[in-house]
$ cat run-v6.cif   # mmCIF, C-alpha atoms
data_query
#
loop_
_atom_site.label_atom_id
_atom_site.label_comp_id
_atom_site.auth_asym_id
_atom_site.auth_seq_id
_atom_site.Cartn_x
_atom_site.Cartn_y
_atom_site.Cartn_z
CA MET A 23 41.92 8.82 -7.56
CA SER A 24 38.58 7.80 -6.21
CA LEU A 25 38.84 5.27 -3.43
CA ASP A 26 35.52 3.62 -4.15
CA ARG A 27 36.50 2.54 -7.65
CA PRO A 28 36.17 -1.26 -7.78
CA VAL A 29 39.47 -3.07 -7.55
CA PRO A 30 39.78 -6.17 -9.77
CA LYS A 31 39.14 -9.34 -7.77
CA ALA A 32 38.25 -7.30 -4.68
CA TYR A 33 36.59 -9.27 -1.92
CA VAL A 34 32.85 -8.57 -1.96
CA ARG A 35 31.21 -9.37 1.33
CA PRO A 36 28.33 -11.77 0.64
CA MET A 37 24.91 -10.26 1.35
CA ARG A 38 22.94 -13.48 1.42
CA GLY A 39 20.81 -13.73 4.56
CA TRP A 40 22.30 -10.67 6.30
CA TRP A 41 18.91 -9.66 7.62
CA ARG A 42 18.35 -12.99 9.38
CA ARG A 43 21.34 -12.52 11.67
CA ASN A 44 19.95 -9.78 13.85
CA PRO A 45 16.37 -9.26 15.17
CA TYR A 46 16.58 -5.55 14.36
CA PHE A 47 17.35 -6.29 10.69
CA LEU A 48 14.65 -8.98 10.62
CA ARG A 49 12.05 -6.46 11.84
CA TYR A 50 13.28 -4.00 9.21
CA MET A 51 12.82 -6.56 6.43
CA LEU A 52 9.37 -7.59 7.72
CA ARG A 53 8.38 -3.93 7.60
CA GLU A 54 9.67 -3.63 4.04
CA ALA A 55 7.81 -6.83 3.11
CA SER A 56 4.54 -5.06 3.97
CA ALA A 57 5.01 -3.24 0.62
CA LEU A 58 4.40 -6.55 -1.15
CA PHE A 59 1.01 -6.89 0.52
CA LEU A 60 0.06 -3.23 0.06
CA THR A 61 0.90 -3.39 -3.66
CA GLY A 62 -1.04 -6.63 -3.95
CA TYR A 63 -4.04 -5.10 -2.21
CA ALA A 64 -3.97 -2.01 -4.47
CA LEU A 65 -3.90 -4.31 -7.52
CA THR A 66 -6.79 -6.33 -6.05
CA LEU A 67 -8.86 -3.14 -5.72
CA LEU A 68 -7.88 -2.08 -9.25
CA PHE A 69 -8.95 -5.48 -10.55
CA GLY A 70 -12.26 -5.12 -8.71
CA LEU A 71 -12.75 -1.71 -10.30
CA TRP A 72 -12.14 -3.22 -13.73
CA ARG A 73 -14.70 -5.97 -13.01
CA LEU A 74 -17.18 -3.35 -11.77
CA SER A 75 -16.81 -1.47 -15.06
CA GLN A 76 -17.86 -4.66 -16.86
CA GLY A 77 -21.17 -4.85 -15.01
CA PRO A 78 -22.79 -6.45 -11.95
CA ALA A 79 -22.25 -10.08 -13.06
CA ALA A 80 -18.50 -9.59 -13.54
CA PHE A 81 -18.29 -7.78 -10.21
CA GLU A 82 -20.11 -10.64 -8.45
CA ALA A 83 -17.54 -13.07 -9.90
CA TRP A 84 -14.77 -10.92 -8.36
CA ARG A 85 -16.53 -11.00 -4.98
CA THR A 86 -16.94 -14.77 -5.20
CA ALA A 87 -13.20 -15.11 -5.94
CA LEU A 88 -12.46 -13.02 -2.83
CA ALA A 89 -14.52 -15.42 -0.69
CA THR A 90 -12.19 -18.41 -1.25
CA PRO A 91 -10.14 -19.58 1.77
CA LEU A 92 -6.90 -18.66 -0.06
CA ALA A 93 -8.05 -15.08 -0.71
CA ILE A 94 -9.30 -14.62 2.86
CA GLY A 95 -6.07 -16.10 4.23
CA LEU A 96 -3.93 -13.76 2.13
CA HIS A 97 -6.01 -10.79 3.29
CA GLY A 98 -5.52 -11.95 6.90
CA LEU A 99 -1.74 -12.06 6.34
CA ALA A 100 -1.88 -8.65 4.63
CA LEU A 101 -3.81 -7.29 7.62
CA VAL A 102 -1.08 -8.44 10.03
CA PHE A 103 1.68 -6.91 7.87
CA MET A 104 -0.20 -3.63 7.42
CA LEU A 105 -0.88 -3.35 11.15
CA TYR A 106 2.89 -3.68 11.61
CA HIS A 107 3.42 -1.03 8.91
CA SER A 108 1.02 1.33 10.75
CA TRP A 109 2.78 0.79 14.07
CA THR A 110 6.29 1.35 12.63
CA TRP A 111 5.09 4.33 10.55
CA PHE A 112 3.83 6.14 13.65
CA GLN A 113 6.95 5.11 15.60
CA VAL A 114 9.21 7.01 13.17
CA MET A 115 6.69 9.82 12.61
CA PRO A 116 8.25 12.08 15.30
CA LYS A 117 11.44 12.00 13.20
CA THR A 118 9.88 12.22 9.72
CA LEU A 119 7.47 15.10 10.40
CA PRO A 120 8.74 18.69 10.59
CA PRO A 121 9.77 19.40 14.21
CA LEU A 122 6.71 19.73 16.45
CA PRO A 123 6.65 21.23 19.93
CA LEU A 124 5.37 17.91 21.25
CA PRO A 125 7.08 14.95 22.90
CA ALA A 126 7.74 12.03 20.52
CA PRO A 127 5.44 9.49 22.28
CA PHE A 128 2.57 11.97 21.93
CA VAL A 129 3.06 12.13 18.13
CA THR A 130 3.09 8.31 17.90
CA ALA A 131 0.01 8.05 20.13
CA ALA A 132 -1.81 10.64 17.99
CA GLY A 133 -1.19 8.49 14.90
CA VAL A 134 -2.44 5.34 16.61
CA VAL A 135 -5.56 7.11 17.95
CA ALA A 136 -6.28 8.62 14.51
CA THR A 137 -6.06 5.12 12.96
CA LEU A 138 -8.42 3.67 15.57
CA LEU A 139 -10.96 6.50 15.12
CA LEU A 140 -10.85 6.31 11.31
CA SER A 141 -11.21 2.51 11.45
CA LEU A 142 -14.28 2.78 13.70
CA LEU A 143 -15.70 5.47 11.41
CA VAL A 144 -15.26 3.32 8.26
CA TRP A 145 -16.69 0.26 10.04
CA ALA A 146 -19.72 2.18 11.36
CA TRP A 147 -20.30 3.79 7.96
CA LEU A 148 -20.40 0.38 6.24
CA GLN A 149 -22.98 -1.09 8.62
CA MET B 29 23.94 19.41 -11.79
CA LYS B 30 21.09 17.29 -13.02
CA ARG B 31 18.03 17.69 -10.86
CA SER B 32 16.94 14.60 -9.00
CA HIS B 33 13.49 13.06 -9.37
CA GLU B 34 13.80 11.56 -5.92
CA PRO B 35 11.82 14.28 -4.03
CA VAL B 36 8.72 13.58 -6.15
CA PHE B 37 8.82 9.85 -5.46
CA TRP B 38 9.68 10.45 -1.82
CA ALA B 39 6.58 12.68 -1.46
CA LEU B 40 4.37 10.03 -3.11
CA PHE B 41 5.96 7.37 -0.88
CA GLY B 42 5.27 9.50 2.20
CA ALA B 43 1.68 10.25 1.24
CA GLY B 44 1.01 6.57 0.51
CA GLY B 45 2.70 5.52 3.75
CA MET B 46 0.54 7.87 5.80
CA LEU B 47 -2.70 6.98 4.01
CA SER B 48 -2.01 3.25 4.31
CA ALA B 49 -0.97 3.53 7.97
CA LEU B 50 -4.32 5.18 8.69
CA LEU B 51 -6.64 3.20 6.42
CA ALA B 52 -5.09 0.00 5.00
CA PRO B 53 -5.85 -2.21 8.05
CA VAL B 54 -9.56 -1.36 8.21
CA LEU B 55 -9.93 -1.50 4.41
CA ILE B 56 -8.24 -4.91 4.13
CA PHE B 57 -10.34 -6.16 7.03
CA THR B 58 -13.65 -4.97 5.55
CA THR B 59 -13.18 -5.79 1.84
CA GLY B 60 -10.96 -8.87 2.26
CA ILE B 61 -12.22 -10.56 5.44
CA ALA B 62 -15.51 -9.17 6.83
CA ALA B 63 -17.38 -8.81 3.51
CA PRO B 64 -16.42 -12.24 2.06
CA LEU B 65 -17.31 -13.92 5.38
CA GLY B 66 -20.73 -12.22 5.36
CA TRP B 67 -20.16 -10.10 8.47
CA LEU B 68 -21.43 -7.06 6.61
CA GLY B 69 -24.84 -6.72 4.98
CA ALA B 70 -25.11 -8.70 1.73
CA ASP B 71 -25.48 -5.55 -0.38
CA THR B 72 -22.94 -3.42 1.52
CA LEU B 73 -20.29 -3.82 -1.18
CA SER B 74 -22.64 -4.78 -4.01
CA ALA B 75 -22.15 -3.47 -7.55
CA SER B 76 -25.27 -1.29 -7.45
CA ARG B 77 -24.29 0.30 -4.14
CA LEU B 78 -20.71 0.98 -5.29
CA GLN B 79 -21.93 2.40 -8.61
CA ALA B 80 -24.32 4.73 -6.77
CA TRP B 81 -21.48 5.76 -4.49
CA LEU B 82 -19.05 6.37 -7.35
CA VAL B 83 -21.43 8.86 -8.97
CA HIS B 84 -19.93 11.45 -6.60
CA PRO B 85 -16.72 12.91 -8.06
CA LEU B 86 -15.15 13.06 -4.58
CA ALA B 87 -15.72 9.33 -4.07
CA ARG B 88 -14.02 8.62 -7.41
CA LEU B 89 -11.15 10.91 -6.46
CA ALA B 90 -10.80 9.18 -3.08
CA LEU B 91 -10.61 5.72 -4.67
CA LEU B 92 -8.11 6.97 -7.25
CA ALA B 93 -5.91 8.47 -4.51
CA LEU B 94 -6.13 5.24 -2.53
CA ILE B 95 -5.05 2.95 -5.38
CA SER B 96 -2.42 5.35 -6.75
CA LEU B 97 -0.74 6.25 -3.45
CA PHE B 98 -0.78 2.64 -2.19
CA MET B 99 0.94 1.64 -5.46
CA PHE B 100 3.56 4.41 -5.29
CA HIS B 101 4.33 3.63 -1.65
CA GLY B 102 4.56 -0.11 -2.24
CA CYS B 103 6.63 0.16 -5.43
CA HIS B 104 9.07 2.64 -3.86
CA ARG B 105 9.68 0.27 -0.95
CA LEU B 106 10.01 -2.76 -3.22
CA LEU B 107 12.48 -0.88 -5.44
CA HIS B 108 14.70 -0.06 -2.48
CA SER B 109 14.38 -3.61 -1.14
CA LEU B 110 16.16 -4.85 -4.28
CA HIS B 111 19.25 -3.04 -3.01
CA ASP B 112 18.78 -4.53 0.49
CA LEU B 113 18.69 -7.99 -1.05
CA GLY B 114 22.05 -7.37 -2.71
CA LEU B 115 20.87 -6.97 -6.29
CA PRO B 116 23.10 -4.73 -8.39
CA ARG B 117 21.86 -1.25 -9.24
CA SER B 118 20.11 -1.05 -12.56
CA ARG B 119 18.81 1.85 -14.63
CA LEU B 120 15.81 -0.23 -15.61
CA ALA B 121 14.47 -1.01 -12.11
CA PRO B 122 13.11 2.50 -11.26
CA TRP B 123 11.35 2.64 -14.64
CA LEU B 124 9.75 -0.76 -13.99
CA PHE B 125 8.58 -0.05 -10.44
CA TYR B 126 7.47 3.58 -10.78
CA GLY B 127 6.12 2.73 -14.24
CA ALA B 128 3.91 0.03 -12.73
CA ALA B 129 2.57 2.52 -10.17
CA LEU B 130 1.94 5.08 -12.89
CA LEU B 131 0.19 2.53 -15.14
CA ALA B 132 -2.04 1.45 -12.24
CA THR B 133 -2.89 5.11 -11.60
CA LEU B 134 -3.80 5.72 -15.24
CA ALA B 135 -5.83 2.50 -15.41
CA ALA B 136 -7.75 3.41 -12.23
CA ALA B 137 -8.42 6.93 -13.57
CA ALA B 138 -9.68 5.58 -16.91
CA LEU B 139 -11.93 3.00 -15.19
CA LEU B 140 -13.32 5.58 -12.76
CA VAL B 141 -14.15 7.92 -15.65
CA SER B 142 -15.90 5.09 -17.51
CA ILE B 143 -17.86 3.99 -14.41
CA GLY B 144 -18.87 7.38 -13.10
CA GLY B 145 -19.17 9.30 -16.37
#

$ encode --input "run-v6.cif" --output "C-alpha cells"
Amino acid sequence: MSLDRPVPKAYVRPMRGWWRRNPYFLRYMLREASALFLTGYALTLLFGLWRLSQGPAAFEAWRTALATPLAIGLHGLALVFMLYHSWTWFQVMPKTLPPLPLPAPFVTAAGVVATLLLSLLVWAWLQ
Amino acid sequence: MKRSHEPVFWALFGAGGMLSALLAPVLIFTTGIAAPLGWLGADTLSASRLQAWLVHPLARLALLALISLFMFHGCHRLLHSLHDLGLPRSRLAPWLFYGAALLATLAAAALLVSIGG
C-alpha cells in the first residue's frame, strides 16, 4: 500500500506564512514575486503595441497614462524586483548551465557584466 | 508512460529568465521611468519612430520574443508559486497560466503583423 495515500483526519501542517519565518525563504519568495512584475510589464508592452496599432493618437494616450506618478512608481518597484531577479539568476547560473570549465564566480560575473554592457548599449542607442 | 510537457515549459521559462535577467532592468527603466520623466528625447519612443523601427522583420521578431518569453517565464513562476502558497494542485491552473502566456504571444504576433505588414 502506498504510504503517501491521505489518511482520514490526518494532521496537515499549516502552510500559512511559512516563508516569513526564515530570511532564506523570504528571499526566495521575493525572487518569485518578481514574476508578478515581469508579467505585468509584458502585458504593459502588449497593451502599448495594441494602442500603437490604433494609430498615433491612441499611442500618445498610452504614453500619457505611463507618465502618471502611480505608473512611474510601479515601474520603479518593478525595476528593483527585476534587478533582484537578474542577480539571483546569475547566482544560480553556474548550476543551471551545462558544466563549464570555469569557476562559478566567473560565470556569475560574466552574466552581470553582460547585463551592464547590454544596458549601456540600449541606453546609448536610445539617445 | 505519458510524455511530460514540462521540458517545453521549462525551456521557455529558462529562455525568458535569461532574456529578462539581461534586458528587463534597462527596458523597464527606459520605457517606464526615463521616457515618461522626459529624460530621453521627446520623439525617442514616439509612434512614428516605433512604426518606422517595426518595419524591419527582425525588430518585430525581437519584440515578439520579448513579450512572449517574459510572459512564459512569469506565468511559469506564478504557477509554481501557487503550490508554495499552499494552494491545492489543480488541473485547471496550468491551462490558465500557460494559456495566458500563449494568448499574449498570439495577440502580440497578430498586432505586429498588422502594424508592420

$ interface_residues --input "run-v6.cif" --of "chain B" --to "chain A" --cutoff "9 Å" --atoms "only C-alpha atoms" --output "VMD selection string"
chain B and resid 45 to 46 48 to 61 63 to 65 68 to 69 72 to 76 78 to 79 94 to 106 108 to 109 112 to 114 129 132 135 to 136 139 to 140 142 to 143

$ write_last_selection --input "run-v6.cif" --atoms "C-alpha atoms" --output "PDB file, in the frame of the given file"
ATOM      1  CA  GLY B  45       2.700   5.520   3.750  1.00  0.00           C
ATOM      2  CA  MET B  46       0.540   7.870   5.800  1.00  0.00           C
ATOM      3  CA  SER B  48      -2.010   3.250   4.310  1.00  0.00           C
ATOM      4  CA  ALA B  49      -0.970   3.530   7.970  1.00  0.00           C
ATOM      5  CA  LEU B  50      -4.320   5.180   8.690  1.00  0.00           C
ATOM      6  CA  LEU B  51      -6.640   3.200   6.420  1.00  0.00           C
ATOM      7  CA  ALA B  52      -5.090   0.000   5.000  1.00  0.00           C
ATOM      8  CA  PRO B  53      -5.850  -2.210   8.050  1.00  0.00           C
ATOM      9  CA  VAL B  54      -9.560  -1.360   8.210  1.00  0.00           C
ATOM     10  CA  LEU B  55      -9.930  -1.500   4.410  1.00  0.00           C
ATOM     11  CA  ILE B  56      -8.240  -4.910   4.130  1.00  0.00           C
ATOM     12  CA  PHE B  57     -10.340  -6.160   7.030  1.00  0.00           C
ATOM     13  CA  THR B  58     -13.650  -4.970   5.550  1.00  0.00           C
ATOM     14  CA  THR B  59     -13.180  -5.790   1.840  1.00  0.00           C
ATOM     15  CA  GLY B  60     -10.960  -8.870   2.260  1.00  0.00           C
ATOM     16  CA  ILE B  61     -12.220 -10.560   5.440  1.00  0.00           C
ATOM     17  CA  ALA B  63     -17.380  -8.810   3.510  1.00  0.00           C
ATOM     18  CA  PRO B  64     -16.420 -12.240   2.060  1.00  0.00           C
ATOM     19  CA  LEU B  65     -17.310 -13.920   5.380  1.00  0.00           C
ATOM     20  CA  LEU B  68     -21.430  -7.060   6.610  1.00  0.00           C
ATOM     21  CA  GLY B  69     -24.840  -6.720   4.980  1.00  0.00           C
ATOM     22  CA  THR B  72     -22.940  -3.420   1.520  1.00  0.00           C
ATOM     23  CA  LEU B  73     -20.290  -3.820  -1.180  1.00  0.00           C
ATOM     24  CA  SER B  74     -22.640  -4.780  -4.010  1.00  0.00           C
ATOM     25  CA  ALA B  75     -22.150  -3.470  -7.550  1.00  0.00           C
ATOM     26  CA  SER B  76     -25.270  -1.290  -7.450  1.00  0.00           C
ATOM     27  CA  LEU B  78     -20.710   0.980  -5.290  1.00  0.00           C
ATOM     28  CA  GLN B  79     -21.930   2.400  -8.610  1.00  0.00           C
ATOM     29  CA  LEU B  94      -6.130   5.240  -2.530  1.00  0.00           C
ATOM     30  CA  ILE B  95      -5.050   2.950  -5.380  1.00  0.00           C
ATOM     31  CA  SER B  96      -2.420   5.350  -6.750  1.00  0.00           C
ATOM     32  CA  LEU B  97      -0.740   6.250  -3.450  1.00  0.00           C
ATOM     33  CA  PHE B  98      -0.780   2.640  -2.190  1.00  0.00           C
ATOM     34  CA  MET B  99       0.940   1.640  -5.460  1.00  0.00           C
ATOM     35  CA  PHE B 100       3.560   4.410  -5.290  1.00  0.00           C
ATOM     36  CA  HIS B 101       4.330   3.630  -1.650  1.00  0.00           C
ATOM     37  CA  GLY B 102       4.560  -0.110  -2.240  1.00  0.00           C
ATOM     38  CA  CYS B 103       6.630   0.160  -5.430  1.00  0.00           C
ATOM     39  CA  HIS B 104       9.070   2.640  -3.860  1.00  0.00           C
ATOM     40  CA  ARG B 105       9.680   0.270  -0.950  1.00  0.00           C
ATOM     41  CA  LEU B 106      10.010  -2.760  -3.220  1.00  0.00           C
ATOM     42  CA  HIS B 108      14.700  -0.060  -2.480  1.00  0.00           C
ATOM     43  CA  SER B 109      14.380  -3.610  -1.140  1.00  0.00           C
ATOM     44  CA  ASP B 112      18.780  -4.530   0.490  1.00  0.00           C
ATOM     45  CA  LEU B 113      18.690  -7.990  -1.050  1.00  0.00           C
ATOM     46  CA  GLY B 114      22.050  -7.370  -2.710  1.00  0.00           C
ATOM     47  CA  ALA B 129       2.570   2.520 -10.170  1.00  0.00           C
ATOM     48  CA  ALA B 132      -2.040   1.450 -12.240  1.00  0.00           C
ATOM     49  CA  ALA B 135      -5.830   2.500 -15.410  1.00  0.00           C
ATOM     50  CA  ALA B 136      -7.750   3.410 -12.230  1.00  0.00           C
ATOM     51  CA  LEU B 139     -11.930   3.000 -15.190  1.00  0.00           C
ATOM     52  CA  LEU B 140     -13.320   5.580 -12.760  1.00  0.00           C
ATOM     53  CA  SER B 142     -15.900   5.090 -17.510  1.00  0.00           C
ATOM     54  CA  ILE B 143     -17.860   3.990 -14.410  1.00  0.00           C
TER      55      ILE B 143
END

$ atom_distance --input "run-v6.cif" --atom1 "CA of Phe37 in chain B" --atom2 "CA of Gly127 in chain B"
11.6 Å

$ atom_distance --input "run-v6.cif" --atom1 "CA of Leu107 in chain B" --atom2 "CA of Ala121 in chain B"
7.0 Å

$ atom_distance --input "run-v6.cif" --atom1 "CA of Val141 in chain B" --atom2 "CA of His84 in chain B"
11.3 Å

$ closest_residue --input "run-v6.cif" --among "B:Leu131, B:Leu120, B:Ala70, B:Tyr126" --to "Phe41 in chain B" --atoms "only C-alpha atoms"
B:Tyr126

$ resolve_selection --input "run-v6.cif" --expression "the PyMOL selection byres ((chain A and resi 116) around 10)" --output "JSON, numbers by chain"
{"A": [111, 112, 113, 114, 115, 117, 118, 119, 120, 121, 122, 124, 125, 126, 127, 128, 129, 130]}

$ decode --input "run-v6.cif" --residues "range 25-131 of chain A" --atoms "C-alpha atoms" --output "CSV table (one decimal), in the first residue's frame"
chain,number,residue,atom,x,y,z
A,25,LEU,CA,2.4,5.3,2.2
A,26,ASP,CA,1.5,8.8,0.8
A,27,ARG,CA,-2.2,8.0,0.5
A,28,PRO,CA,-4.0,10.6,2.6
A,29,VAL,CA,-5.2,9.2,5.9
A,30,PRO,CA,-8.7,10.5,7.0
A,31,LYS,CA,-8.3,13.3,9.5
A,32,ALA,CA,-4.6,13.3,9.1
A,33,TYR,CA,-2.8,16.3,10.6
A,34,VAL,CA,-1.9,18.8,7.8
A,35,ARG,CA,0.8,21.1,8.8
A,36,PRO,CA,-0.5,24.7,8.1
A,37,MET,CA,1.4,26.5,5.4
A,38,ARG,CA,0.3,30.0,6.2
A,39,GLY,CA,3.2,32.4,6.5
A,40,TRP,CA,5.9,29.7,6.3
A,41,TRP,CA,8.1,31.9,4.1
A,42,ARG,CA,8.1,34.8,6.7
A,43,ARG,CA,9.9,32.6,9.3
A,44,ASN,CA,13.3,32.4,7.7
A,45,PRO,CA,15.2,35.1,5.8
A,46,TYR,CA,16.3,32.5,3.2
A,47,PHE,CA,12.6,31.6,2.5
A,48,LEU,CA,11.7,35.3,2.4
A,49,ARG,CA,14.4,36.0,-0.2
A,50,TYR,CA,13.1,33.0,-2.2
A,51,MET,CA,9.5,34.4,-2.2
A,52,LEU,CA,10.7,37.9,-3.1
A,53,ARG,CA,12.5,36.4,-6.1
A,54,GLU,CA,9.4,34.5,-7.1
A,55,ALA,CA,7.3,37.7,-6.7
A,56,SER,CA,9.5,39.3,-9.5
A,57,ALA,CA,7.4,37.2,-11.9
A,58,LEU,CA,4.3,39.3,-11.0
A,59,PHE,CA,6.2,42.4,-12.1
A,60,LEU,CA,7.7,40.8,-15.2
A,61,THR,CA,4.2,39.5,-16.3
A,62,GLY,CA,2.8,43.0,-15.6
A,63,TYR,CA,5.5,44.6,-17.7
A,64,ALA,CA,5.0,42.2,-20.6
A,65,LEU,CA,1.3,43.0,-20.5
A,66,THR,CA,2.0,46.7,-20.4
A,67,LEU,CA,4.2,46.4,-23.6
A,68,LEU,CA,1.5,44.3,-25.2
A,69,PHE,CA,-1.1,47.0,-24.4
A,70,GLY,CA,1.2,49.6,-25.8
A,71,LEU,CA,1.5,47.6,-29.0
A,72,TRP,CA,-2.3,47.4,-29.3
A,73,ARG,CA,-2.5,51.2,-28.8
A,74,LEU,CA,0.2,51.7,-31.4
A,75,SER,CA,-1.8,49.6,-33.9
A,76,GLN,CA,-4.7,52.0,-33.4
A,77,GLY,CA,-2.7,55.0,-34.5
A,78,PRO,CA,-0.5,57.8,-33.1
A,79,ALA,CA,-3.3,59.4,-31.0
A,80,ALA,CA,-4.1,56.2,-29.2
A,81,PHE,CA,-0.4,55.6,-28.6
A,82,GLU,CA,0.1,59.1,-27.2
A,83,ALA,CA,-2.8,58.3,-24.7
A,84,TRP,CA,-0.9,55.2,-23.6
A,85,ARG,CA,2.3,57.2,-23.1
A,86,THR,CA,0.4,59.8,-21.1
A,87,ALA,CA,-1.0,57.1,-18.9
A,88,LEU,CA,2.6,55.8,-18.3
A,89,ALA,CA,3.6,59.3,-17.1
A,90,THR,CA,1.3,59.3,-14.0
A,91,PRO,CA,3.0,59.0,-10.6
A,92,LEU,CA,1.4,55.6,-10.0
A,93,ALA,CA,2.7,54.1,-13.3
A,94,ILE,CA,6.2,55.5,-12.7
A,95,GLY,CA,6.2,54.2,-9.1
A,96,LEU,CA,5.1,50.8,-10.2
A,97,HIS,CA,7.9,50.7,-12.8
A,98,GLY,CA,10.4,51.8,-10.1
A,99,LEU,CA,9.2,48.9,-7.9
A,100,ALA,CA,9.4,46.5,-10.9
A,101,LEU,CA,12.9,47.7,-11.6
A,102,VAL,CA,14.0,46.8,-8.1
A,103,PHE,CA,12.4,43.4,-8.3
A,104,MET,CA,13.9,42.7,-11.7
A,105,LEU,CA,17.4,43.8,-10.6
A,106,TYR,CA,17.0,41.2,-7.8
A,107,HIS,CA,15.8,38.6,-10.4
A,108,SER,CA,18.9,39.4,-12.5
A,109,TRP,CA,21.3,39.0,-9.6
A,110,THR,CA,19.7,35.7,-8.4
A,111,TRP,CA,19.5,34.4,-12.0
A,112,PHE,CA,23.3,34.8,-12.5
A,113,GLN,CA,24.0,33.5,-9.0
A,114,VAL,CA,22.4,30.1,-9.8
A,115,MET,CA,23.6,30.2,-13.4
A,116,PRO,CA,26.8,28.1,-12.6
A,117,LYS,CA,24.4,25.3,-11.6
A,118,THR,CA,21.8,25.7,-14.3
A,119,LEU,CA,24.1,25.9,-17.3
A,120,PRO,CA,25.8,22.7,-18.7
A,121,PRO,CA,29.1,22.2,-16.8
A,122,LEU,CA,31.7,24.8,-17.9
A,123,PRO,CA,35.4,24.6,-17.2
A,124,LEU,CA,35.2,27.9,-15.4
A,125,PRO,CA,34.9,28.7,-11.7
A,126,ALA,CA,31.4,29.5,-10.5
A,127,PRO,CA,32.1,33.2,-9.6
A,128,PHE,CA,33.4,33.8,-13.1
A,129,VAL,CA,30.1,32.6,-14.6
A,130,THR,CA,28.1,34.9,-12.3
A,131,ALA,CA,30.4,37.8,-13.1
